[in-house]
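Text of start_30.pdb, listed as PDB, C-alpha atoms, pLDDT in the B column:
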ATOM      1  CA  MET A 338     111.567  79.992 100.569  1.00 54.00           C
ATOM      2  CA  THR A 339     111.357  76.186 100.445  1.00 63.00           C
ATOM      3  CA  MET A 340     110.440  73.992 103.371  1.00 67.00           C
ATOM      4  CA  ALA A 341     112.878  71.368 104.601  1.00 70.00           C
ATOM      5  CA  ARG A 342     111.885  67.780 103.878  1.00 75.00           C
ATOM      6  CA  LYS A 343     111.602  65.282 106.695  1.00 85.00           C
ATOM      7  CA  ASN A 344     114.358  62.663 106.586  1.00 88.00           C
ATOM      8  CA  ALA A 345     116.210  64.660 103.927  1.00 88.00           C
ATOM      9  CA  ALA A 346     119.879  64.228 103.155  1.00 91.00           C
ATOM     10  CA  ASN A 347     122.194  66.513 101.213  1.00 92.00           C
ATOM     11  CA  LEU A 348     124.447  65.197  98.491  1.00 92.00           C
ATOM     12  CA  THR A 349     127.256  66.953  96.668  1.00 95.00           C
ATOM     13  CA  ILE A 350     127.912  65.734  93.124  1.00 94.00           C
ATOM     14  CA  GLN A 351     130.726  66.650  90.792  1.00 96.00           C
ATOM     15  CA  PHE A 352     129.768  66.796  87.124  1.00 95.00           C
ATOM     16  CA  SER A 353     131.822  67.570  84.084  1.00 98.00           C
ATOM     17  CA  LEU A 354     130.937  70.929  82.569  1.00 98.00           C
ATOM     18  CA  GLU A 355     129.219  69.115  79.702  1.00 98.00           C
ATOM     19  CA  GLU A 356     127.083  67.026  82.084  1.00 98.00           C
ATOM     20  CA  LYS A 357     126.150  70.126  84.069  1.00 97.00           C
ATOM     21  CA  ILE A 358     125.033  71.929  80.925  1.00 98.00           C
ATOM     22  CA  ILE A 359     122.977  68.932  79.797  1.00 98.00           C
ATOM     23  CA  LEU A 360     121.239  68.765  83.183  1.00 98.00           C
ATOM     24  CA  GLU A 361     120.562  72.501  83.230  1.00 98.00           C
ATOM     25  CA  GLU A 362     119.189  72.500  79.674  1.00 98.00           C
ATOM     26  CA  TYR A 363     116.952  69.526  80.445  1.00 98.00           C
ATOM     27  CA  CYS A 364     115.654  71.173  83.615  1.00 98.00           C
ATOM     28  CA  LYS A 365     114.935  74.418  81.827  1.00 98.00           C
ATOM     29  CA  LYS A 366     113.132  72.645  78.989  1.00 98.00           C
ATOM     30  CA  MET A 367     111.061  70.513  81.374  1.00 98.00           C
ATOM     31  CA  GLN A 368     110.603  73.344  83.906  1.00 98.00           C
ATOM     32  CA  ARG A 369     111.871  71.168  86.744  1.00 98.00           C
ATOM     33  CA  THR A 370     114.551  71.613  89.370  1.00 97.00           C
ATOM     34  CA  LYS A 371     117.855  69.770  89.225  1.00 96.00           C
ATOM     35  CA  SER A 372     117.045  68.114  92.543  1.00 95.00           C
ATOM     36  CA  ASP A 373     113.699  66.886  91.237  1.00 96.00           C
ATOM     37  CA  VAL A 374     115.253  65.389  88.108  1.00 97.00           C
ATOM     38  CA  ILE A 375     118.044  63.671  90.046  1.00 95.00           C
ATOM     39  CA  ARG A 376     115.569  62.278  92.617  1.00 93.00           C
ATOM     40  CA  GLU A 377     113.513  60.806  89.776  1.00 94.00           C
ATOM     41  CA  MET A 378     116.628  59.221  88.279  1.00 93.00           C
ATOM     42  CA  VAL A 379     117.502  57.611  91.622  1.00 92.00           C
ATOM     43  CA  ARG A 380     113.955  56.259  91.989  1.00 91.00           C
ATOM     44  CA  THR A 381     114.355  54.720  88.526  1.00 92.00           C
ATOM     45  CA  LEU A 382     117.450  52.917  89.790  1.00 92.00           C
ATOM     46  CA  LYS A 383     115.397  51.535  92.695  1.00 86.00           C
ATOM     47  CA  LYS A 384     112.822  50.141  90.262  1.00 84.00           C
ATOM     48  CA  TYR A 385     115.659  48.536  88.276  1.00 84.00           C
ATOM     49  CA  LEU A 386     117.095  46.942  91.426  1.00 87.00           C
ATOM     50  CA  ASP A 387     113.701  45.613  92.456  1.00 85.00           C
ATOM     51  CA  SER A 388     113.061  44.062  89.041  1.00 84.00           C
ATOM     52  CA  SER A 389     116.559  42.578  88.701  1.00 78.00           C
ATOM     53  CA  GLN A 390     116.328  40.886  92.113  1.00 73.00           C
ATOM     54  CA  SER A 391     113.268  38.945  91.006  1.00 61.00           C
ATOM     55  CA  ILE A 392     115.271  37.473  88.097  1.00 55.00           C
ATOM     56  CA  TYR A 393     117.695  35.593  90.358  1.00 51.00           C
TER      57      TYR A 393
END

Show this structure as structure tokens.
Amino acid sequence: MTMARKNAANLTIQFSLEEKIILEEYCKKMQRTKSDVIREMVRTLKKYLDSSQSIY
């Protein structure tokens, strides 16, 4: 059983079947959860936003 995270929010995402399979295969290969992989992707977007704001 997993513990609830403080300040956590749930998100429902619709993927195409192909995208879902890609995510599942990646997670299996990397031995990571889908949530973990998606959280990392979102954090990457934050880094992109931070770096692009310094350009302007």

Residues selected by the PyMOL selection byres ((chain A and resi 372) around 12), written as a list in words: Ala345, Ala346, Asn347, Leu348, Thr349, Ile350, Leu360, Glu361, Cys364, Gln368, Arg369, Thr370, Lys371, Asp373, Val374, Ile375, Arg376, Glu377, Met378 and Val379 of chain A

Using 8 Å of padding on each side, determine the axis-aligned box around all atoms of range 350-368 of chain A present in the file and give its centre and edge lengths in Å to one decimal, as JSON.
{"center_x": 121.2, "center_y": 70.1, "center_z": 86.1, "size_x": 37.2, "size_y": 24.7, "size_z": 30.1}

Could you tell me how far CA of Thr381 in chain A sits from CA of Asn344 in chain A, in Å to one decimal place? 19.7 Å

What is the CA of Phe352 in chain A to CA of Lys384 in chain A distance in Å?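 Computing it gives 24.0 Å between the two atoms.
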
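Counting from CA of Ser389 in chain A, the distance to CA of Gln351 in chain A is 28.0 Å.
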